[in-house]
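Trainee: Structure file upload39.csv (CSV, C-alpha atoms and all ligand atoms) is given on the next line.
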chain,number,residue,atom,x,y,z
A,1,MET,CA,-12.8,34.6,-9.1
A,2,SER,CA,-15.1,31.6,-9.5
A,3,LYS,CA,-13.5,28.4,-10.7
A,4,LYS,CA,-14.9,26.7,-13.9
A,5,PRO,CA,-16.1,23.3,-12.9
A,6,ILE,CA,-14.3,20.4,-14.6
A,7,MET,CA,-16.6,18.0,-16.4
A,8,HIS,CA,-15.6,14.4,-15.8
A,9,LYS,CA,-17.9,11.5,-15.1
A,10,ALA,CA,-16.4,9.4,-12.4
A,11,ARG,CA,-15.5,5.9,-13.7
A,12,LYS,CA,-16.2,3.0,-11.5
A,13,ARG,CA,-13.8,0.7,-13.3
A,14,PHE,CA,-10.9,3.0,-12.3
A,15,GLY,CA,-12.2,3.2,-8.7
A,16,GLN,CA,-12.8,6.9,-9.0
A,17,ASN,CA,-14.1,8.6,-5.9
A,18,PHE,CA,-12.9,12.1,-5.9
A,19,LEU,CA,-12.1,14.0,-2.7
A,20,HIS,CA,-14.0,17.2,-2.4
A,21,ASP,CA,-13.9,18.1,1.3
A,22,ALA,CA,-11.4,20.9,1.7
A,23,GLY,CA,-11.0,20.2,5.5
A,24,ILE,CA,-10.2,16.5,4.9
A,25,ILE,CA,-7.8,17.4,2.0
A,26,ARG,CA,-6.0,19.8,4.3
A,27,ARG,CA,-5.8,17.3,7.1
A,28,ILE,CA,-4.3,14.6,4.8
A,29,VAL,CA,-1.7,17.0,3.4
A,30,ARG,CA,-0.8,18.1,6.9
A,31,ALA,CA,-0.3,14.4,7.9
A,32,ILE,CA,2.0,14.0,4.8
A,33,ASN,CA,3.8,17.2,5.7
A,34,PRO,CA,5.5,17.7,2.3
A,35,LYS,CA,8.6,19.9,2.1
A,36,PRO,CA,10.3,21.6,-0.8
A,37,GLY,CA,13.0,19.4,-2.3
A,38,GLN,CA,11.4,16.1,-1.3
A,39,HIS,CA,10.6,13.6,-4.1
A,40,LEU,CA,6.8,13.2,-4.0
A,41,VAL,CA,5.0,10.6,-6.1
A,42,GLU,CA,1.2,10.6,-6.3
A,43,ILE,CA,-0.7,7.5,-7.4
A,44,GLY,CA,-4.0,8.4,-9.1
A,45,PRO,CA,-4.2,12.2,-9.0
A,46,GLY,CA,-7.6,12.2,-10.5
A,47,LEU,CA,-8.8,15.7,-10.8
A,48,GLY,CA,-6.0,17.0,-8.7
A,49,ALA,CA,-7.7,17.4,-5.3
A,50,LEU,CA,-4.5,16.4,-3.4
A,51,THR,CA,-2.1,17.3,-6.1
A,52,GLU,CA,-2.9,21.0,-5.8
A,53,GLU,CA,-1.9,21.2,-2.2
A,54,LEU,CA,1.0,18.8,-2.6
A,55,LEU,CA,2.5,20.9,-5.4
A,56,GLN,CA,2.0,24.1,-3.4
A,57,GLU,CA,4.0,22.6,-0.5
A,58,ALA,CA,6.7,20.6,-2.3
A,59,GLY,CA,6.9,22.5,-5.6
A,60,ALA,CA,7.4,19.3,-7.6
A,61,LEU,CA,5.7,15.9,-8.0
A,62,ASP,CA,5.6,12.8,-10.2
A,63,ALA,CA,2.0,11.6,-10.8
A,64,ILE,CA,0.9,8.2,-12.1
A,65,GLU,CA,-2.6,8.2,-13.7
A,66,LEU,CA,-4.2,5.4,-15.7
A,67,ASP,CA,-7.3,7.3,-17.0
A,68,ARG,CA,-6.0,9.0,-20.1
A,69,ASP,CA,-9.0,11.4,-20.2
A,70,LEU,CA,-7.7,13.0,-17.0
A,71,ILE,CA,-4.2,13.7,-18.3
A,72,PRO,CA,-5.1,16.9,-20.3
A,73,VAL,CA,-7.2,18.1,-17.4
A,74,LEU,CA,-4.2,17.8,-15.1
A,75,ARG,CA,-1.8,19.3,-17.6
A,76,THR,CA,-4.1,22.4,-17.9
A,77,LYS,CA,-4.7,22.7,-14.2
A,78,PHE,CA,-1.1,22.6,-13.3
A,79,PHE,CA,0.5,24.1,-16.4
A,80,ARG,CA,2.4,26.7,-14.3
A,81,TYR,CA,4.5,24.0,-12.7
A,82,GLU,CA,5.8,22.9,-16.2
A,83,ASP,CA,8.7,20.4,-15.8
A,84,SER,CA,8.4,20.1,-12.0
A,85,PHE,CA,5.0,18.3,-12.5
A,86,GLN,CA,5.6,15.1,-14.3
A,87,ILE,CA,2.6,13.0,-15.3
A,88,HIS,CA,3.1,9.3,-16.2
A,89,GLU,CA,0.2,7.8,-18.0
A,90,ALA,CA,0.6,4.3,-16.7
A,91,ASP,CA,-0.9,1.5,-14.6
A,92,ALA,CA,0.5,1.9,-11.1
A,93,LEU,CA,0.2,-1.9,-10.7
A,94,LYS,CA,2.9,-2.4,-13.4
A,95,PHE,CA,4.9,0.8,-12.8
A,96,ASP,CA,8.6,0.5,-12.1
A,97,PHE,CA,8.8,2.9,-9.1
A,98,ALA,CA,12.6,2.5,-9.0
A,99,SER,CA,12.7,4.2,-12.4
A,100,LEU,CA,11.7,7.5,-10.7
A,101,ARG,CA,14.8,7.4,-8.4
A,102,THR,CA,17.0,9.8,-10.3
A,103,ASP,CA,19.1,10.9,-7.3
A,104,ASP,CA,19.7,9.9,-3.6
A,105,ARG,CA,16.3,11.3,-2.5
A,106,PRO,CA,14.0,8.4,-1.5
A,107,LEU,CA,10.4,8.5,-2.8
A,108,ARG,CA,7.5,9.8,-0.7
A,109,VAL,CA,4.5,8.0,-2.2
A,110,VAL,CA,1.0,9.2,-1.6
A,111,GLY,CA,-2.5,8.6,-3.0
A,112,ASN,CA,-6.2,8.2,-2.5
A,113,LEU,CA,-6.0,4.8,-4.0
A,114,PRO,CA,-8.5,3.1,-6.3
A,115,TYR,CA,-10.0,0.7,-3.9
A,116,ASN,CA,-10.6,-2.1,-6.4
A,117,ILE,CA,-6.8,-2.6,-6.8
A,118,SER,CA,-5.5,-1.4,-3.4
A,119,THR,CA,-4.3,-4.8,-2.1
A,120,PRO,CA,-2.2,-5.9,-5.1
A,121,LEU,CA,-1.0,-2.3,-5.4
A,122,ILE,CA,0.3,-2.3,-1.8
A,123,PHE,CA,2.1,-5.7,-2.5
A,124,HIS,CA,3.6,-4.2,-5.6
A,125,LEU,CA,4.8,-1.1,-3.7
A,126,LEU,CA,6.3,-3.2,-0.9
A,127,SER,CA,8.7,-4.7,-3.4
A,128,PHE,CA,10.1,-1.1,-3.8
A,129,SER,CA,10.3,-0.4,-0.1
A,130,GLY,CA,14.1,0.1,-0.4
A,131,GLN,CA,13.4,3.2,-2.6
A,132,ILE,CA,10.7,4.7,-0.5
A,133,SER,CA,10.9,6.7,2.7
A,134,ASP,CA,7.2,6.7,3.5
A,135,MET,CA,3.7,6.1,2.0
A,136,HIS,CA,0.4,7.8,2.9
A,137,PHE,CA,-2.7,6.2,1.5
A,138,MET,CA,-6.4,6.7,1.6
A,139,LEU,CA,-7.9,3.2,1.7
A,140,GLN,CA,-11.1,1.4,2.7
A,141,ASN,CA,-11.1,1.5,6.5
A,142,GLU,CA,-11.2,-2.3,6.5
A,143,VAL,CA,-8.0,-2.5,4.5
A,144,VAL,CA,-6.3,-0.2,6.9
A,145,ASP,CA,-7.4,-2.4,9.7
A,146,ARG,CA,-5.9,-5.4,7.9
A,147,LEU,CA,-2.6,-3.5,7.4
A,148,ALA,CA,-2.3,-2.7,11.1
A,149,ALA,CA,-3.8,-5.9,12.6
A,150,GLN,CA,-1.9,-7.8,15.3
A,151,PRO,CA,-2.0,-11.6,15.9
A,152,GLY,CA,-5.3,-12.8,17.2
A,153,GLU,CA,-7.3,-9.9,15.7
A,154,ASP,CA,-10.0,-10.4,13.2
A,155,HIS,CA,-8.3,-8.6,10.3
A,156,TYR,CA,-4.9,-10.3,10.9
A,157,GLY,CA,-3.6,-12.0,7.7
A,158,ARG,CA,-1.3,-11.9,4.7
A,159,LEU,CA,-1.5,-8.2,3.9
A,160,GLY,CA,-0.7,-7.0,7.5
A,161,ILE,CA,2.0,-9.6,8.0
A,162,MET,CA,3.9,-8.6,4.8
A,163,ALA,CA,3.3,-4.9,5.3
A,164,GLN,CA,4.6,-5.2,8.8
A,165,TYR,CA,7.6,-7.2,7.6
A,166,TYR,CA,8.8,-4.1,5.6
A,167,CYS,CA,7.1,-1.2,7.3
A,168,ARG,CA,6.0,0.5,10.5
A,169,VAL,CA,2.2,0.8,10.0
A,170,GLU,CA,0.1,3.6,11.6
A,171,LYS,CA,-3.6,4.2,11.1
A,172,LEU,CA,-4.0,7.9,11.2
A,173,PHE,CA,-7.7,8.8,11.0
A,174,LYS,CA,-11.0,7.8,9.4
A,175,VAL,CA,-12.7,9.6,6.6
A,176,PRO,CA,-16.5,9.4,6.1
A,177,PRO,CA,-18.1,8.6,2.7
A,178,GLY,CA,-19.4,12.2,2.4
A,179,ALA,CA,-15.9,13.5,1.8
A,180,PHE,CA,-15.9,11.9,-1.7
A,181,GLN,CA,-17.8,12.5,-5.0
A,182,PRO,CA,-19.4,10.0,-5.6
A,183,ALA,CA,-19.6,8.8,-2.1
A,184,PRO,CA,-18.3,5.2,-1.6
A,185,LYS,CA,-20.4,2.7,0.3
A,186,VAL,CA,-17.8,2.2,3.0
A,187,ASP,CA,-15.8,4.2,5.5
A,188,SER,CA,-12.2,5.1,4.5
A,189,ALA,CA,-9.1,5.8,6.5
A,190,ILE,CA,-5.6,7.2,6.1
A,191,VAL,CA,-2.6,5.0,6.8
A,192,ARG,CA,1.1,5.8,7.0
A,193,LEU,CA,3.6,3.1,6.0
A,194,THR,CA,7.2,3.8,6.9
A,195,PRO,CA,9.7,1.2,5.4
A,196,TYR,CA,12.4,0.3,7.9
A,197,ASP,CA,16.0,1.4,7.1
A,198,GLN,CA,17.0,-1.9,8.7
A,199,LEU,CA,14.4,-4.7,8.9
A,200,PRO,CA,13.9,-5.6,12.5
A,201,LEU,CA,13.2,-9.3,11.5
A,202,VAL,CA,14.8,-10.8,8.4
A,203,ALA,CA,13.8,-13.9,6.6
A,204,ARG,CA,16.4,-15.9,4.7
A,205,ASP,CA,14.2,-15.8,1.6
A,206,VAL,CA,11.4,-13.4,1.5
A,207,HIS,CA,9.7,-15.2,-1.4
A,208,LYS,CA,9.6,-18.3,0.8
A,209,LEU,CA,8.1,-16.2,3.6
A,210,GLN,CA,5.4,-15.0,1.3
A,211,GLU,CA,4.6,-18.6,0.2
A,212,VAL,CA,4.4,-19.8,3.8
A,213,VAL,CA,2.1,-16.9,4.8
A,214,ARG,CA,-0.1,-17.4,1.7
A,215,THR,CA,-0.3,-21.2,2.3
A,216,ALA,CA,-0.9,-20.8,6.1
A,217,PHE,CA,-3.9,-18.6,5.4
A,218,SER,CA,-5.3,-20.6,2.5
A,219,GLN,CA,-8.1,-21.7,4.8
A,220,ARG,CA,-8.3,-19.3,7.8
A,221,ARG,CA,-10.3,-21.6,10.0
A,222,LYS,CA,-8.0,-24.6,9.6
A,223,THR,CA,-4.9,-25.3,11.7
A,224,LEU,CA,-1.3,-24.7,10.8
A,225,ARG,CA,-0.8,-28.4,10.6
A,226,ASN,CA,-3.5,-28.8,7.9
A,227,ASN,CA,-2.7,-25.7,5.9
A,228,LEU,CA,1.0,-26.0,5.9
A,229,LYS,CA,1.1,-29.8,5.1
A,230,PRO,CA,2.4,-29.2,1.6
A,231,LEU,CA,5.4,-27.3,2.9
A,232,ILE,CA,6.3,-28.6,6.4
A,233,ASP,CA,5.2,-31.4,8.7
A,234,ALA,CA,3.7,-31.1,12.2
A,235,SER,CA,6.7,-32.6,13.9
A,236,THR,CA,9.0,-30.0,12.4
A,237,LEU,CA,6.7,-27.3,13.6
A,238,GLU,CA,6.9,-28.7,17.1
A,239,THR,CA,10.7,-28.8,16.9
A,240,LEU,CA,10.5,-25.1,16.1
A,241,GLY,CA,8.4,-24.6,19.3
A,242,ILE,CA,5.2,-23.8,17.3
A,243,ASP,CA,2.0,-25.6,18.1
A,244,PRO,CA,0.7,-27.2,14.9
A,245,GLN,CA,-2.9,-27.0,16.3
A,246,LEU,CA,-2.9,-23.2,16.2
A,247,ARG,CA,-4.9,-21.3,13.6
A,248,PRO,CA,-2.8,-19.1,11.4
A,249,GLU,CA,-4.3,-15.9,12.8
A,250,ARG,CA,-2.6,-16.6,16.2
A,251,LEU,CA,0.9,-16.7,14.8
A,252,PRO,CA,3.2,-13.6,15.0
A,253,LEU,CA,5.5,-12.6,12.2
A,254,GLU,CA,8.6,-14.0,13.9
A,255,ASP,CA,7.1,-17.5,13.9
A,256,PHE,CA,6.2,-17.3,10.2
A,257,ILE,CA,9.9,-16.3,9.6
A,258,ARG,CA,11.0,-19.3,11.7
A,259,ILE,CA,8.9,-21.6,9.6
A,260,SER,CA,10.0,-20.1,6.4
A,261,ASP,CA,13.7,-20.2,7.4
A,262,ALA,CA,13.4,-23.9,8.4
A,263,ILE,CA,11.9,-24.7,5.0
A,264,SER,CA,14.6,-22.7,3.1
A,265,GLU,CA,17.3,-24.5,5.1
A,266,GLN,CA,15.7,-27.9,4.4
A,267,GLN,CA,15.5,-27.2,0.7
A,268,GLN,CA,19.1,-26.0,0.6
A,269,GLU,CA,20.3,-29.2,2.2
A,270,GLU,CA,18.4,-31.3,-0.3
A,271,HIS,CA,20.2,-29.6,-3.2
A,301,LIG,N1,-6.6,11.6,-6.0
A,301,LIG,C1,-7.9,11.9,-6.5
A,301,LIG,C2,-8.8,12.4,-5.4
A,301,LIG,O1,-8.4,12.2,-4.2
A,301,LIG,O2,-9.8,13.0,-5.6
A,301,LIG,C3,-8.6,10.7,-7.2
A,301,LIG,C4,-8.7,9.4,-6.3
A,301,LIG,S1,-9.6,8.1,-7.0
A,301,LIG,C5,-10.0,7.2,-5.6
A,301,LIG,C6,-8.4,7.0,-7.7
A,301,LIG,C7,-7.6,7.5,-8.9
A,301,LIG,O3,-6.7,6.5,-9.4
A,301,LIG,C8,-8.4,7.9,-10.1
A,301,LIG,O4,-7.9,9.1,-10.7
A,301,LIG,C9,-8.2,6.8,-11.1
A,301,LIG,O5,-8.3,7.1,-12.5
A,301,LIG,C10,-6.7,6.4,-10.8
A,301,LIG,N2,-6.4,5.0,-11.1
A,301,LIG,C11,-7.2,3.9,-11.1
A,301,LIG,N3,-6.5,2.8,-11.4
A,301,LIG,C12,-5.2,3.1,-11.6
A,301,LIG,C13,-4.0,2.4,-11.9
A,301,LIG,N4,-4.0,1.1,-12.1
A,301,LIG,N5,-2.9,3.1,-12.0
A,301,LIG,C14,-2.9,4.5,-11.8
A,301,LIG,N6,-4.0,5.2,-11.5
A,301,LIG,C15,-5.1,4.5,-11.4
Can you give me the file's structure in the form of structure tokens?

Mentor:
Amino acid sequence: MSKKPIMHKARKRFGQNFLHDAGIIRRIVRAINPKPGQHLVEIGPGLGALTEELLQEAGALDAIELDRDLIPVLRTKFFRYEDSFQIHEADALKFDFASLRTDDRPLRVVGNLPYNISTPLIFHLLSFSGQISDMHFMLQNEVVDRLAAQPGEDHYGRLGIMAQYYCRVEKLFKVPPGAFQPAPKVDSAIVRLTPYDQLPLVARDVHKLQEVVRTAFSQRRKTLRNNLKPLIDASTLETLGIDPQLRPERLPLEDFIRISDAISEQQQEEH
């Protein structure tokens, strides 16, 4: 039986690049490995390319979609799943993911994310890492490289440091532009983020850590001494065993935590 094509013009402002390569879709779903009974959450189901297989494997899914024109398309396509397919017409950037936790099953979050908002969306999701067992995302290849980057590498910065604070990060495989309709201008890749049950390194105040990392990278080519001047002086950095002349991209997560903890301690003493 031939399927009737769904008429929907891809919207750039919603970052719509729909997957249409069956082999790639299969490979992504295999990497996710959904099982019946798990609590799956898909961000941006679009026309349902991944949703179809995810529902087949897991039998139930919550989907968050911003484009209201896609909601009836999805409802029609997956009508047979009735209550086990829940669509939330919402902006994933503002969505309270904790509200989906109705029992003790953690969330498995997946999505071919809209590239125009992927970085703020990942930061938003990291704040729910306690509710999430893993995340599988299609992103621009460069963003995946930033998530996985180690100190000294070109892409090392705020996104990777904060993602690696909360999660184990694995780049799984690259996806060429031809797998999408319309084709994006850049290569894409699949990443798996697995939040730690117990954080291997813990900052006294994670908001302070975020502020330190943001400030340290405010000018990538400048030294820690210069960038961090508003928060900590060079002699305190030296006391911590950190060379103030280093550029921020050389510093591992544990050193950012040391700086942030020292500032938290200093500020506590002042109060
Ligand atoms: N999952 C589909 C696929 O793989 O073919 C579509 C992926 S497309 C790259 C991104 C999807 O995210 C689109 O359906 C788009 O409408 C949706 N979207 C864009 N911004 C969103 C937001 N802020 N919150 C939720 N969904 C959003």

Trainee: Just the residues within 10 Å of region 70-77 of chain A, please, counting only C-alpha atoms, with nothing from its chain fewer than 4 positions along; format it as an NGL selection string.

Mentor: :A and (6-8 or 44-48 or 51-52 or 63-66 or 81-82 or 85-89)

Trainee: Closest to ligand LIG 301 (chain A) among A:Ile257, A:Ala148, A:Ile117, A:Leu224, using all atoms listed in the file?

Mentor: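 That would be A:Ile117, the residue with the smallest distance to ligand LIG 301 (chain A).
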
Trainee: Return as a list in words the residues of protein, DNA or RNA that approach ligand LIG 301 (chain A) to within 7 Å, with only C-alpha atoms and all ligand atoms taken into account.

Mentor: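 The residues near ligand LIG 301 (chain A) are Phe14, Gly15, Gln16, Asn17, Phe18, Leu19, His20, Ile43, Gly44, Pro45, Gly46, Leu47, Gly48, Ala49, Leu50, Ile64, Glu65, Leu66, Asp67, Ala90, Asp91, Ala92, Leu93, Gly111, Asn112, Leu113, Pro114 and Tyr115 of chain A.
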
Trainee: Mind pulling up the distance from CA of Arg221 (chain A) to CA of Pro248 (chain A)?

Mentor: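 The value is 8.0 Å.
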
Trainee: Quick one: distance from CA of Asp21 (chain A) to CA of Arg192 (chain A) in Å, one decimal?

Mentor: 20.2 Å

Trainee: As a list in words, please: the residues near Ser129 (chain A) (cut-off 10 Å, all atoms listed in the file, same-chain neighbours under 2 positions excluded).

Mentor: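 Using all atoms listed in the file, the neighbours found are Phe97, Ala98, Pro106, Leu107, His124, Leu125, Leu126, Ser127, Gln131, Ile132, Ser133, Asp134, Met135, Ala163, Tyr166, Cys167, Leu193, Thr194, Pro195, Tyr196 and Asp197 of chain A.
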
Trainee: How many Å separate CA of Glu269 (chain A) from CA of Ile232 (chain A)?

Mentor: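 Computing it gives 14.6 Å between the two atoms.
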
Trainee: Identify which of the residues A:Asp243, A:Asp154, A:Asp145, A:Asp96 lies closest to Phe128 (chain A), counting only C-alpha atoms when measuring atom-to-atom distances.

Mentor: A:Asp96

Trainee: Mind checking which residues fall within 8 Å of region 212-217 of chain A, counting only C-alpha atoms, ignoring those fewer than 6 positions away in the same chain, and posting them as a tab-separated table (two decimals) with C-alpha atoms, in the coordinates of the input?

Mentor:
chain	number	residue	atom	x	y	z
A	157	GLY	CA	-3.60	-12.00	7.70
A	158	ARG	CA	-1.30	-11.90	4.70
A	161	ILE	CA	2.00	-9.60	8.00
A	224	LEU	CA	-1.30	-24.70	10.80
A	227	ASN	CA	-2.70	-25.70	5.90
A	228	LEU	CA	1.00	-26.00	5.90
A	231	LEU	CA	5.40	-27.30	2.90
A	248	PRO	CA	-2.80	-19.10	11.40
A	249	GLU	CA	-4.30	-15.90	12.80
A	256	PHE	CA	6.20	-17.30	10.20
A	259	ILE	CA	8.90	-21.60	9.60
A	260	SER	CA	10.00	-20.10	6.40

Trainee: Please provide as a PDB file with C-alpha atoms, in the coordinates of the input all residues within 7 Å of Gly160 (chain A), with the sequence filter that same-chain residues fewer than 4 positions apart are discarded (counting only C-alpha atoms).

Mentor:
ATOM      1  CA  ARG A 146      -5.900  -5.400   7.900  1.00  0.00           C
ATOM      2  CA  LEU A 147      -2.600  -3.500   7.400  1.00  0.00           C
ATOM      3  CA  ALA A 148      -2.300  -2.700  11.100  1.00  0.00           C
ATOM      4  CA  ALA A 149      -3.800  -5.900  12.600  1.00  0.00           C
ATOM      5  CA  TYR A 156      -4.900 -10.300  10.900  1.00  0.00           C
ATOM      6  CA  GLN A 164       4.600  -5.200   8.800  1.00  0.00           C
TER       7      GLN A 164
END

Trainee: With distances taken over all atoms listed in the file, which residue among A:Arg250, A:Pro120, A:Glu57, A:Ile263 lies nearest Lys229 (chain A)?

Mentor: A:Ile263

Trainee: Starting from the incomplete input, reconstruct N, CA and C atoms of region 113-130 of chain A and write that as an mmCIF file, in the coordinates of the input.

Mentor:
data_model
loop_
_atom_site.group_PDB
_atom_site.id
_atom_site.type_symbol
_atom_site.label_atom_id
_atom_site.label_comp_id
_atom_site.auth_asym_id
_atom_site.auth_seq_id
_atom_site.Cartn_x
_atom_site.Cartn_y
_atom_site.Cartn_z
ATOM 1 N N LEU A 113 -6.110 5.899 -3.076
ATOM 2 C CA LEU A 113 -6.000 4.800 -4.000
ATOM 3 C C LEU A 113 -7.289 4.280 -4.561
ATOM 4 N N PRO A 114 -7.276 3.799 -5.814
ATOM 5 C CA PRO A 114 -8.500 3.100 -6.300
ATOM 6 C C PRO A 114 -8.698 1.847 -5.503
ATOM 7 N N TYR A 115 -9.838 1.757 -4.828
ATOM 8 C CA TYR A 115 -10.000 0.700 -3.900
ATOM 9 C C TYR A 115 -10.079 -0.707 -4.503
ATOM 10 N N ASN A 116 -10.459 -0.758 -5.799
ATOM 11 C CA ASN A 116 -10.600 -2.100 -6.400
ATOM 12 C C ASN A 116 -9.215 -2.752 -6.624
ATOM 13 N N ILE A 117 -8.117 -1.992 -6.569
ATOM 14 C CA ILE A 117 -6.800 -2.600 -6.800
ATOM 15 C C ILE A 117 -5.851 -2.359 -5.575
ATOM 16 N N SER A 118 -6.408 -1.892 -4.447
ATOM 17 C CA SER A 118 -5.500 -1.400 -3.400
ATOM 18 C C SER A 118 -4.595 -2.533 -2.836
ATOM 19 N N THR A 119 -5.130 -3.739 -2.654
ATOM 20 C CA THR A 119 -4.300 -4.800 -2.100
ATOM 21 C C THR A 119 -3.130 -5.187 -2.984
ATOM 22 N N PRO A 120 -3.390 -5.553 -4.257
ATOM 23 C CA PRO A 120 -2.200 -5.900 -5.100
ATOM 24 C C PRO A 120 -1.275 -4.682 -5.288
ATOM 25 N N LEU A 121 -1.823 -3.479 -5.260
ATOM 26 C CA LEU A 121 -1.000 -2.300 -5.400
ATOM 27 C C LEU A 121 -0.013 -2.159 -4.206
ATOM 28 N N ILE A 122 -0.527 -2.419 -3.011
ATOM 29 C CA ILE A 122 0.300 -2.300 -1.800
ATOM 30 C C ILE A 122 1.428 -3.418 -1.901
ATOM 31 N N PHE A 123 1.047 -4.634 -2.314
ATOM 32 C CA PHE A 123 2.100 -5.700 -2.500
ATOM 33 C C PHE A 123 3.133 -5.250 -3.483
ATOM 34 N N HIS A 124 2.675 -4.655 -4.581
ATOM 35 C CA HIS A 124 3.600 -4.200 -5.600
ATOM 36 C C HIS A 124 4.566 -3.138 -5.003
ATOM 37 N N LEU A 125 4.009 -2.185 -4.250
ATOM 38 C CA LEU A 125 4.800 -1.100 -3.700
ATOM 39 C C LEU A 125 5.808 -1.645 -2.626
ATOM 40 N N LEU A 126 5.399 -2.690 -1.890
ATOM 41 C CA LEU A 126 6.300 -3.200 -0.900
ATOM 42 C C LEU A 126 7.590 -3.743 -1.506
ATOM 43 N N SER A 127 7.491 -4.181 -2.769
ATOM 44 C CA SER A 127 8.700 -4.700 -3.400
ATOM 45 C C SER A 127 9.673 -3.539 -3.754
ATOM 46 N N PHE A 128 9.218 -2.289 -3.622
ATOM 47 C CA PHE A 128 10.100 -1.100 -3.800
ATOM 48 C C PHE A 128 10.435 -0.433 -2.524
ATOM 49 N N SER A 129 10.220 -1.107 -1.403
ATOM 50 C CA SER A 129 10.300 -0.400 -0.100
ATOM 51 C C SER A 129 11.734 0.182 0.099
ATOM 52 N N GLY A 130 12.738 -0.393 -0.528
ATOM 53 C CA GLY A 130 14.100 0.100 -0.400
ATOM 54 C C GLY A 130 14.266 1.517 -1.053
#
